[in-house]
>>> print(open('data.cif').read())   # mmCIF, C-alpha atoms; chains and numbers go by the auth columns
data_model
#
loop_
_atom_site.group_PDB
_atom_site.id
_atom_site.type_symbol
_atom_site.label_atom_id
_atom_site.label_comp_id
_atom_site.label_asym_id
_atom_site.label_seq_id
_atom_site.Cartn_x
_atom_site.Cartn_y
_atom_site.Cartn_z
_atom_site.B_iso_or_equiv
_atom_site.auth_seq_id
_atom_site.auth_asym_id
ATOM 1 C CA MET A 1 0.000 0.000 0.000 0.00 1 A
ATOM 2 C CA ARG A 2 1.210 3.505 -0.806 0.00 2 A
ATOM 3 C CA ARG A 3 2.779 5.787 1.776 0.00 3 A
ATOM 4 C CA LEU A 4 1.403 9.274 1.487 0.00 4 A
ATOM 5 C CA SER A 5 1.647 12.465 3.502 0.00 5 A
ATOM 6 C CA PRO A 6 -0.499 13.083 6.583 0.00 6 A
ATOM 7 C CA ALA A 7 -2.142 15.938 4.668 0.00 7 A
ATOM 8 C CA PHE A 8 -3.364 13.455 2.059 0.00 8 A
ATOM 9 C CA TYR A 9 -5.009 11.254 4.662 0.00 9 A
ATOM 10 C CA LEU A 10 -6.418 14.298 6.446 0.00 10 A
ATOM 11 C CA GLY A 11 -8.285 15.390 3.347 0.00 11 A
ATOM 12 C CA HIS A 12 -9.086 12.035 1.798 0.00 12 A
ATOM 13 C CA LEU A 13 -9.995 10.020 4.893 0.00 13 A
ATOM 14 C CA LEU A 14 -11.025 12.491 7.580 0.00 14 A
ATOM 15 C CA LEU A 15 -13.591 14.343 5.480 0.00 15 A
ATOM 16 C CA PRO A 16 -15.331 11.119 4.337 0.00 16 A
ATOM 17 C CA ALA A 17 -15.293 9.931 7.958 0.00 17 A
ATOM 18 C CA LEU A 18 -16.997 13.163 9.003 0.00 18 A
ATOM 19 C CA LEU A 19 -19.597 12.701 6.253 0.00 19 A
ATOM 20 C CA ALA A 20 -20.290 9.169 7.469 0.00 20 A
ATOM 21 C CA ALA A 21 -20.607 10.427 11.051 0.00 21 A
ATOM 22 C CA LEU A 22 -23.020 13.113 9.865 0.00 22 A
ATOM 23 C CA LEU A 23 -25.181 10.584 8.033 0.00 23 A
ATOM 24 C CA LEU A 24 -25.102 8.052 10.861 0.00 24 A
ATOM 25 C CA TRP A 25 -25.611 10.197 13.943 0.00 25 A
ATOM 26 C CA VAL A 26 -26.519 13.761 13.052 0.00 26 A
ATOM 27 C CA TYR A 27 -28.526 13.705 9.843 0.00 27 A
ATOM 28 C CA PRO A 28 -32.136 12.928 10.830 0.00 28 A
ATOM 29 C CA GLN A 29 -34.728 11.496 8.465 0.00 29 A
ATOM 30 C CA GLN A 30 -36.717 14.676 8.998 0.00 30 A
ATOM 31 C CA TRP A 31 -34.158 16.514 6.846 0.00 31 A
ATOM 32 C CA ASP A 32 -34.706 14.055 4.008 0.00 32 A
ATOM 33 C CA LEU A 33 -38.442 14.497 4.305 0.00 33 A
ATOM 34 C CA ALA A 34 -38.231 18.275 4.503 0.00 34 A
ATOM 35 C CA LEU A 35 -36.086 18.521 1.371 0.00 35 A
ATOM 36 C CA ILE A 36 -38.232 16.236 -0.761 0.00 36 A
ATOM 37 C CA SER A 37 -41.703 17.210 0.467 0.00 37 A
ATOM 38 C CA PRO A 38 -41.952 20.354 -1.746 0.00 38 A
ATOM 39 C CA TYR A 39 -41.949 18.075 -4.794 0.00 39 A
ATOM 40 C CA TYR A 40 -44.855 15.967 -3.521 0.00 40 A
ATOM 41 C CA ASP A 41 -48.399 16.872 -4.513 0.00 41 A
ATOM 42 C CA GLY A 42 -50.529 16.078 -1.498 0.00 42 A
ATOM 43 C CA VAL A 43 -53.748 16.561 -3.484 0.00 43 A
ATOM 44 C CA GLN A 44 -52.834 14.126 -6.253 0.00 44 A
ATOM 45 C CA HIS A 45 -50.875 11.899 -3.829 0.00 45 A
ATOM 46 C CA GLN A 46 -47.883 11.667 -6.124 0.00 46 A
ATOM 47 C CA PHE A 47 -44.648 13.378 -7.070 0.00 47 A
ATOM 48 C CA ALA A 48 -45.753 15.825 -9.735 0.00 48 A
ATOM 49 C CA LEU A 49 -42.404 15.691 -11.578 0.00 49 A
ATOM 50 C CA ARG A 50 -42.027 11.908 -11.536 0.00 50 A
ATOM 51 C CA ASN A 51 -42.669 11.637 -15.274 0.00 51 A
ATOM 52 C CA ASP A 52 -41.457 15.115 -16.229 0.00 52 A
ATOM 53 C CA PHE A 53 -39.866 14.875 -19.678 0.00 53 A
ATOM 54 C CA PHE A 54 -36.707 16.817 -18.864 0.00 54 A
ATOM 55 C CA LEU A 55 -36.034 15.103 -15.542 0.00 55 A
ATOM 56 C CA ASN A 56 -36.914 11.650 -16.830 0.00 56 A
ATOM 57 C CA ALA A 57 -35.765 11.566 -20.447 0.00 57 A
ATOM 58 C CA VAL A 58 -32.840 14.006 -20.240 0.00 58 A
ATOM 59 C CA MET A 59 -31.535 14.103 -16.679 0.00 59 A
ATOM 60 C CA HIS A 60 -32.132 10.423 -15.970 0.00 60 A
ATOM 61 C CA THR A 61 -32.175 8.269 -19.100 0.00 61 A
ATOM 62 C CA GLY A 62 -30.200 10.700 -21.268 0.00 62 A
ATOM 63 C CA LEU A 63 -27.367 11.335 -18.827 0.00 63 A
ATOM 64 C CA LYS A 64 -27.146 7.664 -17.908 0.00 64 A
ATOM 65 C CA SER A 65 -26.692 6.798 -21.583 0.00 65 A
ATOM 66 C CA ALA A 66 -24.261 9.665 -22.183 0.00 66 A
ATOM 67 C CA LEU A 67 -21.989 8.510 -19.380 0.00 67 A
ATOM 68 C CA TRP A 68 -21.349 5.283 -21.275 0.00 68 A
ATOM 69 C CA PHE A 69 -19.404 7.395 -23.784 0.00 69 A
ATOM 70 C CA ILE A 70 -16.555 7.707 -21.255 0.00 70 A
ATOM 71 C CA PRO A 71 -15.668 4.034 -20.674 0.00 71 A
ATOM 72 C CA LEU A 72 -16.358 3.192 -24.316 0.00 72 A
ATOM 73 C CA SER A 73 -13.970 5.950 -25.422 0.00 73 A
ATOM 74 C CA LEU A 74 -11.304 4.699 -23.025 0.00 74 A
ATOM 75 C CA LEU A 75 -11.736 1.165 -24.334 0.00 75 A
ATOM 76 C CA ALA A 76 -11.409 2.436 -27.894 0.00 76 A
ATOM 77 C CA LEU A 77 -8.194 4.268 -27.025 0.00 77 A
ATOM 78 C CA LEU A 78 -6.766 1.160 -25.363 0.00 78 A
ATOM 79 C CA LEU A 79 -7.593 -0.889 -28.451 0.00 79 A
ATOM 80 C CA CYS A 80 -5.895 1.741 -30.617 0.00 80 A
ATOM 81 C CA ALA A 81 -2.844 1.572 -28.379 0.00 81 A
ATOM 82 C CA ARG A 82 -2.772 -2.214 -28.759 0.00 82 A
ATOM 83 C CA PHE A 83 -3.762 -2.733 -32.382 0.00 83 A
ATOM 84 C CA GLY A 84 -3.554 0.702 -34.016 0.00 84 A
ATOM 85 C CA GLY A 85 0.052 0.524 -35.133 0.00 85 A
ATOM 86 C CA PRO A 86 3.263 2.168 -33.891 0.00 86 A
ATOM 87 C CA PHE A 87 1.920 5.736 -33.957 0.00 87 A
ATOM 88 C CA PHE A 88 -0.930 5.026 -31.571 0.00 88 A
ATOM 89 C CA ALA A 89 1.208 2.686 -29.495 0.00 89 A
ATOM 90 C CA SER A 90 3.897 5.308 -28.892 0.00 90 A
ATOM 91 C CA SER A 91 1.557 8.269 -28.379 0.00 91 A
ATOM 92 C CA LEU A 92 -0.830 6.466 -26.021 0.00 92 A
ATOM 93 C CA GLN A 93 1.728 4.397 -24.116 0.00 93 A
ATOM 94 C CA PRO A 94 2.236 6.970 -21.292 0.00 94 A
ATOM 95 C CA TYR A 95 -1.514 6.980 -20.586 0.00 95 A
ATOM 96 C CA ARG A 96 -2.397 3.299 -20.846 0.00 96 A
ATOM 97 C CA ARG A 97 -2.101 2.505 -17.154 0.00 97 A
ATOM 98 C CA ARG A 98 -4.176 5.520 -16.161 0.00 98 A
ATOM 99 C CA MET A 99 -6.862 4.629 -18.693 0.00 99 A
ATOM 100 C CA VAL A 100 -6.992 1.092 -17.317 0.00 100 A
ATOM 101 C CA TRP A 101 -7.136 2.527 -13.791 0.00 101 A
ATOM 102 C CA ILE A 102 -10.048 4.818 -14.637 0.00 102 A
ATOM 103 C CA LEU A 103 -11.950 1.922 -16.209 0.00 103 A
ATOM 104 C CA LEU A 104 -11.344 -0.178 -13.092 0.00 104 A
ATOM 105 C CA GLY A 105 -12.448 2.691 -10.874 0.00 105 A
ATOM 106 C CA LEU A 106 -15.636 3.258 -12.849 0.00 106 A
ATOM 107 C CA ALA A 107 -16.469 -0.451 -12.898 0.00 107 A
ATOM 108 C CA LEU A 108 -15.722 -1.166 -9.238 0.00 108 A
ATOM 109 C CA SER A 109 -17.558 1.873 -7.888 0.00 109 A
ATOM 110 C CA ALA A 110 -20.624 1.028 -10.004 0.00 110 A
ATOM 111 C CA LEU A 111 -20.455 -2.617 -8.918 0.00 111 A
ATOM 112 C CA VAL A 112 -20.256 -1.792 -5.214 0.00 112 A
ATOM 113 C CA VAL A 113 -23.167 0.652 -5.392 0.00 113 A
ATOM 114 C CA GLN A 114 -25.316 -1.840 -7.314 0.00 114 A
ATOM 115 C CA ILE A 115 -24.556 -4.648 -4.842 0.00 115 A
ATOM 116 C CA LEU A 116 -25.510 -2.399 -1.938 0.00 116 A
ATOM 117 C CA LYS A 117 -28.707 -1.312 -3.701 0.00 117 A
ATOM 118 C CA ARG A 118 -29.769 -4.867 -4.481 0.00 118 A
ATOM 119 C CA ASN A 119 -29.351 -5.819 -0.832 0.00 119 A
ATOM 120 C CA SER A 120 -30.968 -2.687 0.616 0.00 120 A
ATOM 121 C CA ILE A 121 -34.258 -2.903 2.488 0.00 121 A
ATOM 122 C CA HIS A 122 -34.927 0.826 2.129 0.00 122 A
ATOM 123 C CA ALA A 123 -37.584 1.969 -0.322 0.00 123 A
ATOM 124 C CA CYS A 124 -37.520 4.924 -2.673 0.00 124 A
ATOM 125 C CA PRO A 125 -39.552 7.950 -1.554 0.00 125 A
ATOM 126 C CA TRP A 126 -42.277 7.393 -4.157 0.00 126 A
ATOM 127 C CA ASP A 127 -42.851 3.887 -2.716 0.00 127 A
ATOM 128 C CA LEU A 128 -43.277 5.071 0.877 0.00 128 A
ATOM 129 C CA ASN A 129 -46.689 5.177 2.525 0.00 129 A
ATOM 130 C CA LEU A 130 -45.878 8.787 3.431 0.00 130 A
ATOM 131 C CA PHE A 131 -46.010 9.607 -0.263 0.00 131 A
ATOM 132 C CA GLY A 132 -48.820 7.417 -1.526 0.00 132 A
ATOM 133 C CA GLY A 133 -46.949 4.103 -1.662 0.00 133 A
ATOM 134 C CA GLN A 134 -47.045 0.984 0.502 0.00 134 A
ATOM 135 C CA ALA A 135 -43.580 0.775 2.079 0.00 135 A
ATOM 136 C CA PRO A 136 -42.705 2.069 5.559 0.00 136 A
ATOM 137 C CA LEU A 137 -39.970 4.618 6.233 0.00 137 A
ATOM 138 C CA LEU A 138 -37.230 2.660 8.034 0.00 138 A
ATOM 139 C CA PRO A 139 -34.216 3.785 10.069 0.00 139 A
ATOM 140 C CA LEU A 140 -30.840 3.075 8.480 0.00 140 A
ATOM 141 C CA PHE A 141 -30.129 -0.113 10.456 0.00 141 A
ATOM 142 C CA ALA A 142 -33.688 -1.365 10.862 0.00 142 A
ATOM 143 C CA ASP A 143 -34.831 -4.899 10.113 0.00 143 A
ATOM 144 C CA LEU A 144 -37.216 -5.469 7.256 0.00 144 A
ATOM 145 C CA PRO A 145 -40.752 -5.833 8.656 0.00 145 A
ATOM 146 C CA SER A 146 -42.393 -9.208 8.188 0.00 146 A
ATOM 147 C CA GLY A 147 -44.259 -9.461 4.892 0.00 147 A
ATOM 148 C CA GLN A 148 -42.570 -6.379 3.447 0.00 148 A
ATOM 149 C CA SER A 149 -40.508 -6.566 0.262 0.00 149 A
ATOM 150 C CA PRO A 150 -37.064 -4.913 0.266 0.00 150 A
ATOM 151 C CA GLY A 151 -37.026 -1.481 -1.322 0.00 151 A
ATOM 152 C CA ARG A 152 -33.584 -1.779 -2.970 0.00 152 A
ATOM 153 C CA CYS A 153 -33.105 1.997 -3.164 0.00 153 A
ATOM 154 C CA LEU A 154 -30.053 2.855 -1.031 0.00 154 A
ATOM 155 C CA PRO A 155 -27.560 4.209 -2.068 0.00 155 A
ATOM 156 C CA GLY A 156 -28.607 6.326 -5.048 0.00 156 A
ATOM 157 C CA GLY A 157 -27.494 4.611 -8.230 0.00 157 A
ATOM 158 C CA HIS A 158 -28.069 7.486 -10.639 0.00 158 A
ATOM 159 C CA ALA A 159 -26.050 9.998 -8.613 0.00 159 A
ATOM 160 C CA SER A 160 -23.235 7.462 -8.308 0.00 160 A
ATOM 161 C CA GLY A 161 -22.829 7.598 -12.088 0.00 161 A
ATOM 162 C CA GLY A 162 -21.807 11.248 -11.851 0.00 162 A
ATOM 163 C CA PHE A 163 -19.751 10.752 -8.707 0.00 163 A
ATOM 164 C CA SER A 164 -17.878 7.867 -10.354 0.00 164 A
ATOM 165 C CA LEU A 165 -16.086 10.453 -12.502 0.00 165 A
ATOM 166 C CA LEU A 166 -14.033 11.135 -9.372 0.00 166 A
ATOM 167 C CA ALA A 167 -11.878 8.393 -10.890 0.00 167 A
ATOM 168 C CA PHE A 168 -10.364 11.099 -13.090 0.00 168 A
ATOM 169 C CA TYR A 169 -9.399 13.091 -9.996 0.00 169 A
ATOM 170 C CA PHE A 170 -7.434 10.194 -8.528 0.00 170 A
ATOM 171 C CA ALA A 171 -5.933 9.280 -11.905 0.00 171 A
ATOM 172 C CA LEU A 172 -4.631 12.813 -12.507 0.00 172 A
ATOM 173 C CA ARG A 173 -3.713 14.101 -9.036 0.00 173 A
ATOM 174 C CA ASP A 174 -0.079 12.884 -9.019 0.00 174 A
ATOM 175 C CA GLU A 175 1.000 14.473 -12.302 0.00 175 A
ATOM 176 C CA GLN A 176 -1.665 16.998 -13.275 0.00 176 A
ATOM 177 C CA PRO A 177 -3.100 18.498 -10.078 0.00 177 A
ATOM 178 C CA ARG A 178 -4.931 21.328 -11.838 0.00 178 A
ATOM 179 C CA TRP A 179 -6.829 18.941 -14.081 0.00 179 A
ATOM 180 C CA ALA A 180 -7.398 16.691 -11.098 0.00 180 A
ATOM 181 C CA LEU A 181 -9.026 19.555 -9.214 0.00 181 A
ATOM 182 C CA ARG A 182 -11.213 20.375 -12.197 0.00 182 A
ATOM 183 C CA SER A 183 -12.225 16.730 -12.405 0.00 183 A
ATOM 184 C CA LEU A 184 -13.054 16.742 -8.703 0.00 184 A
ATOM 185 C CA VAL A 185 -15.314 19.777 -9.048 0.00 185 A
ATOM 186 C CA LEU A 186 -16.974 18.432 -12.205 0.00 186 A
ATOM 187 C CA ALA A 187 -17.685 15.006 -10.710 0.00 187 A
ATOM 188 C CA LEU A 188 -19.105 16.457 -7.496 0.00 188 A
ATOM 189 C CA ALA A 189 -21.245 18.926 -9.438 0.00 189 A
ATOM 190 C CA LEU A 190 -22.526 16.347 -11.924 0.00 190 A
ATOM 191 C CA GLY A 191 -23.307 13.762 -9.248 0.00 191 A
ATOM 192 C CA SER A 192 -25.101 16.403 -7.186 0.00 192 A
ATOM 193 C CA VAL A 193 -27.189 17.605 -10.133 0.00 193 A
ATOM 194 C CA MET A 194 -28.079 14.045 -11.132 0.00 194 A
ATOM 195 C CA GLY A 195 -28.956 13.191 -7.546 0.00 195 A
ATOM 196 C CA TRP A 196 -31.103 16.285 -7.050 0.00 196 A
ATOM 197 C CA GLY A 197 -32.959 15.572 -10.269 0.00 197 A
ATOM 198 C CA GLN A 198 -33.899 12.181 -8.850 0.00 198 A
ATOM 199 C CA MET A 199 -35.013 13.837 -5.631 0.00 199 A
ATOM 200 C CA MET A 200 -37.346 16.100 -7.607 0.00 200 A
ATOM 201 C CA ARG A 201 -38.897 13.012 -9.210 0.00 201 A
ATOM 202 C CA GLY A 202 -39.297 11.304 -5.824 0.00 202 A
ATOM 203 C CA ALA A 203 -36.785 8.570 -6.643 0.00 203 A
ATOM 204 C CA HIS A 204 -34.242 9.228 -3.869 0.00 204 A
ATOM 205 C CA PHE A 205 -33.619 11.127 -0.673 0.00 205 A
ATOM 206 C CA LEU A 206 -30.588 13.382 -0.300 0.00 206 A
ATOM 207 C CA SER A 207 -29.053 10.881 2.125 0.00 207 A
ATOM 208 C CA HIS A 208 -29.240 8.198 -0.587 0.00 208 A
ATOM 209 C CA ASN A 209 -27.110 10.383 -2.843 0.00 209 A
ATOM 210 C CA LEU A 210 -24.652 11.275 -0.092 0.00 210 A
ATOM 211 C CA TRP A 211 -24.167 7.598 0.701 0.00 211 A
ATOM 212 C CA ALA A 212 -23.542 7.008 -3.007 0.00 212 A
ATOM 213 C CA LEU A 213 -20.807 9.648 -2.919 0.00 213 A
ATOM 214 C CA TRP A 214 -19.314 8.101 0.214 0.00 214 A
ATOM 215 C CA TRP A 215 -19.104 4.601 -1.239 0.00 215 A
ATOM 216 C CA VAL A 216 -17.745 5.755 -4.600 0.00 216 A
ATOM 217 C CA TRP A 217 -15.055 7.810 -2.860 0.00 217 A
ATOM 218 C CA LEU A 218 -14.099 4.900 -0.595 0.00 218 A
ATOM 219 C CA VAL A 219 -13.787 2.453 -3.493 0.00 219 A
ATOM 220 C CA LEU A 220 -11.667 4.835 -5.553 0.00 220 A
ATOM 221 C CA LEU A 221 -9.472 5.751 -2.595 0.00 221 A
ATOM 222 C CA LEU A 222 -8.757 2.105 -1.791 0.00 222 A
ATOM 223 C CA LEU A 223 -7.985 1.387 -5.439 0.00 223 A
ATOM 224 C CA TYR A 224 -5.680 4.410 -5.556 0.00 224 A
ATOM 225 C CA LEU A 225 -3.776 3.167 -2.508 0.00 225 A
ATOM 226 C CA VAL A 226 -3.505 -0.463 -3.597 0.00 226 A
ATOM 227 C CA TYR A 227 -2.978 0.022 -7.327 0.00 227 A
ATOM 228 C CA PRO A 228 -1.708 3.547 -8.128 0.00 228 A
ATOM 229 C CA PRO A 229 -2.775 5.004 -11.494 0.00 229 A
ATOM 230 C CA ILE A 230 0.878 5.698 -12.275 0.00 230 A
ATOM 231 C CA PRO A 231 3.787 3.456 -11.191 0.00 231 A
ATOM 232 C CA ARG A 232 5.398 4.135 -7.805 0.00 232 A
ATOM 233 C CA GLN A 233 8.775 4.771 -9.395 0.00 233 A
ATOM 234 C CA LYS A 234 7.299 7.426 -11.645 0.00 234 A
ATOM 235 C CA ILE A 235 5.502 9.007 -8.663 0.00 235 A
ATOM 236 C CA ALA A 236 8.855 9.334 -6.897 0.00 236 A
ATOM 237 C CA GLU A 237 10.322 11.035 -9.983 0.00 237 A
ATOM 238 C CA VAL A 238 7.419 13.491 -10.132 0.00 238 A
ATOM 239 C CA LEU A 239 7.809 14.391 -6.456 0.00 239 A
ATOM 240 C CA ARG A 240 11.540 15.100 -6.688 0.00 240 A
#
>>> encode(input="data.cif", output="structure tokens")
Amino acid sequence: MRRLSPAFYLGHLLLPALLAALLLWVYPQQWDLALISPYYDGVQHQFALRNDFFLNAVMHTGLKSALWFIPLSLLALLLCARFGGPFFASSLQPYRRRMVWILLGLALSALVVQILKRNSIHACPWDLNLFGGQAPLLPLFADLPSGQSPGRCLPGGHASGGFSLLAFYFALRDEQPRWALRSLVLALALGSVMGWGQMMRGAHFLSHNLWALWWVWLVLLLLYLVYPPIPRQKIAEVLR
């Protein structure tokens, strides 16, 4: 495992630990309910924007499809580096490991979030009896009530697609810190926008999206420590 400065661990481990503490002990369900309630139509007993064209077709389906362009492009570049002749091989060689790392980061973070979702008992807001559905609102570590089907809605999968672009931050931070910072801001902004769009539709609570961010960050951080995006020897040369 890599040895990094105390400042690195302060920023990359302490802040996520504080977020987890906030979600576990400070963040009450009332905040989730207060933030999502304005989007619920109590007269019609439904989320008015659930089937809104922009939120559904563009922000949800459209963005989800668009994000596939990133791993497919990386795969295409790797194939060019392998089979595209000497020009592509020489020009792409310095970036091959980082491209592989980003693909691994995207895949692993998505896999972890999907596994957690599939094993989650917590329902989406639009399925809760508070909002016209049949499922109960459960505390984070509650047991599934007898006769109740698992909700499979925690953490937020759609927001995790945007947050997964944090892989670019970790891949770039050792050699290109400015681009890494831009990637960090972009990924956080995109994941937040995607997550809030789902909140407006009644698909997720804010805490669902924050847990998605937490798990994506943890997966990418562990991958960064175990398998650096650039070789250790090259890292040492950069830091000289």
>>> resolve_selection(input="data.cif", expression="the PyMOL selection byres ((chain A and resi 220) around 8)", output="list in words")
Gly105, Ser109, Leu166, Ala167, Phe170, Val216, Trp217, Leu218, Val219, Leu221, Leu222, Leu223 and Tyr224 of chain A
>>> residues_near_point(input="data.cif", point="(-7.0, 5.3, -19.2)", cutoff="9 Å", atoms="only C-alpha atoms", output="PyMOL selection string")
chain A and resi 71+74-75+77-78+95-103+171+229
>>> atom_distance(input="data.cif", atom1="atom CA of A:Gly197", atom2="atom CA of A:Thr61")
11.5 Å
>>> atom_distance(input="data.cif", atom1="atom CA of A:Phe205", atom2="atom CA of A:Cys124")
7.6 Å
>>> resolve_selection(input="data.cif", expression="the PyMOL selection byres ((chain A and resi 152) around 12)", output="mmCIF file with C-alpha atoms, in the coordinates of the input")
data_model
loop_
_atom_site.group_PDB
_atom_site.id
_atom_site.type_symbol
_atom_site.label_atom_id
_atom_site.label_comp_id
_atom_site.auth_asym_id
_atom_site.auth_seq_id
_atom_site.Cartn_x
_atom_site.Cartn_y
_atom_site.Cartn_z
ATOM 1 C CA VAL A 113 -23.167 0.652 -5.392
ATOM 2 C CA GLN A 114 -25.316 -1.840 -7.314
ATOM 3 C CA ILE A 115 -24.556 -4.648 -4.842
ATOM 4 C CA LEU A 116 -25.510 -2.399 -1.938
ATOM 5 C CA LYS A 117 -28.707 -1.312 -3.701
ATOM 6 C CA ARG A 118 -29.769 -4.867 -4.481
ATOM 7 C CA ASN A 119 -29.351 -5.819 -0.832
ATOM 8 C CA SER A 120 -30.968 -2.687 0.616
ATOM 9 C CA ILE A 121 -34.258 -2.903 2.488
ATOM 10 C CA HIS A 122 -34.927 0.826 2.129
ATOM 11 C CA ALA A 123 -37.584 1.969 -0.322
ATOM 12 C CA CYS A 124 -37.520 4.924 -2.673
ATOM 13 C CA PRO A 125 -39.552 7.950 -1.554
ATOM 14 C CA ASP A 127 -42.851 3.887 -2.716
ATOM 15 C CA ALA A 135 -43.580 0.775 2.079
ATOM 16 C CA LEU A 144 -37.216 -5.469 7.256
ATOM 17 C CA GLN A 148 -42.570 -6.379 3.447
ATOM 18 C CA SER A 149 -40.508 -6.566 0.262
ATOM 19 C CA PRO A 150 -37.064 -4.913 0.266
ATOM 20 C CA GLY A 151 -37.026 -1.481 -1.322
ATOM 21 C CA CYS A 153 -33.105 1.997 -3.164
ATOM 22 C CA LEU A 154 -30.053 2.855 -1.031
ATOM 23 C CA PRO A 155 -27.560 4.209 -2.068
ATOM 24 C CA GLY A 156 -28.607 6.326 -5.048
ATOM 25 C CA GLY A 157 -27.494 4.611 -8.230
ATOM 26 C CA ALA A 203 -36.785 8.570 -6.643
ATOM 27 C CA HIS A 204 -34.242 9.228 -3.869
ATOM 28 C CA HIS A 208 -29.240 8.198 -0.587
#
>>> atom_distance(input="data.cif", atom1="atom CA of A:Trp211", atom2="atom CA of A:Ala159")
9.8 Å
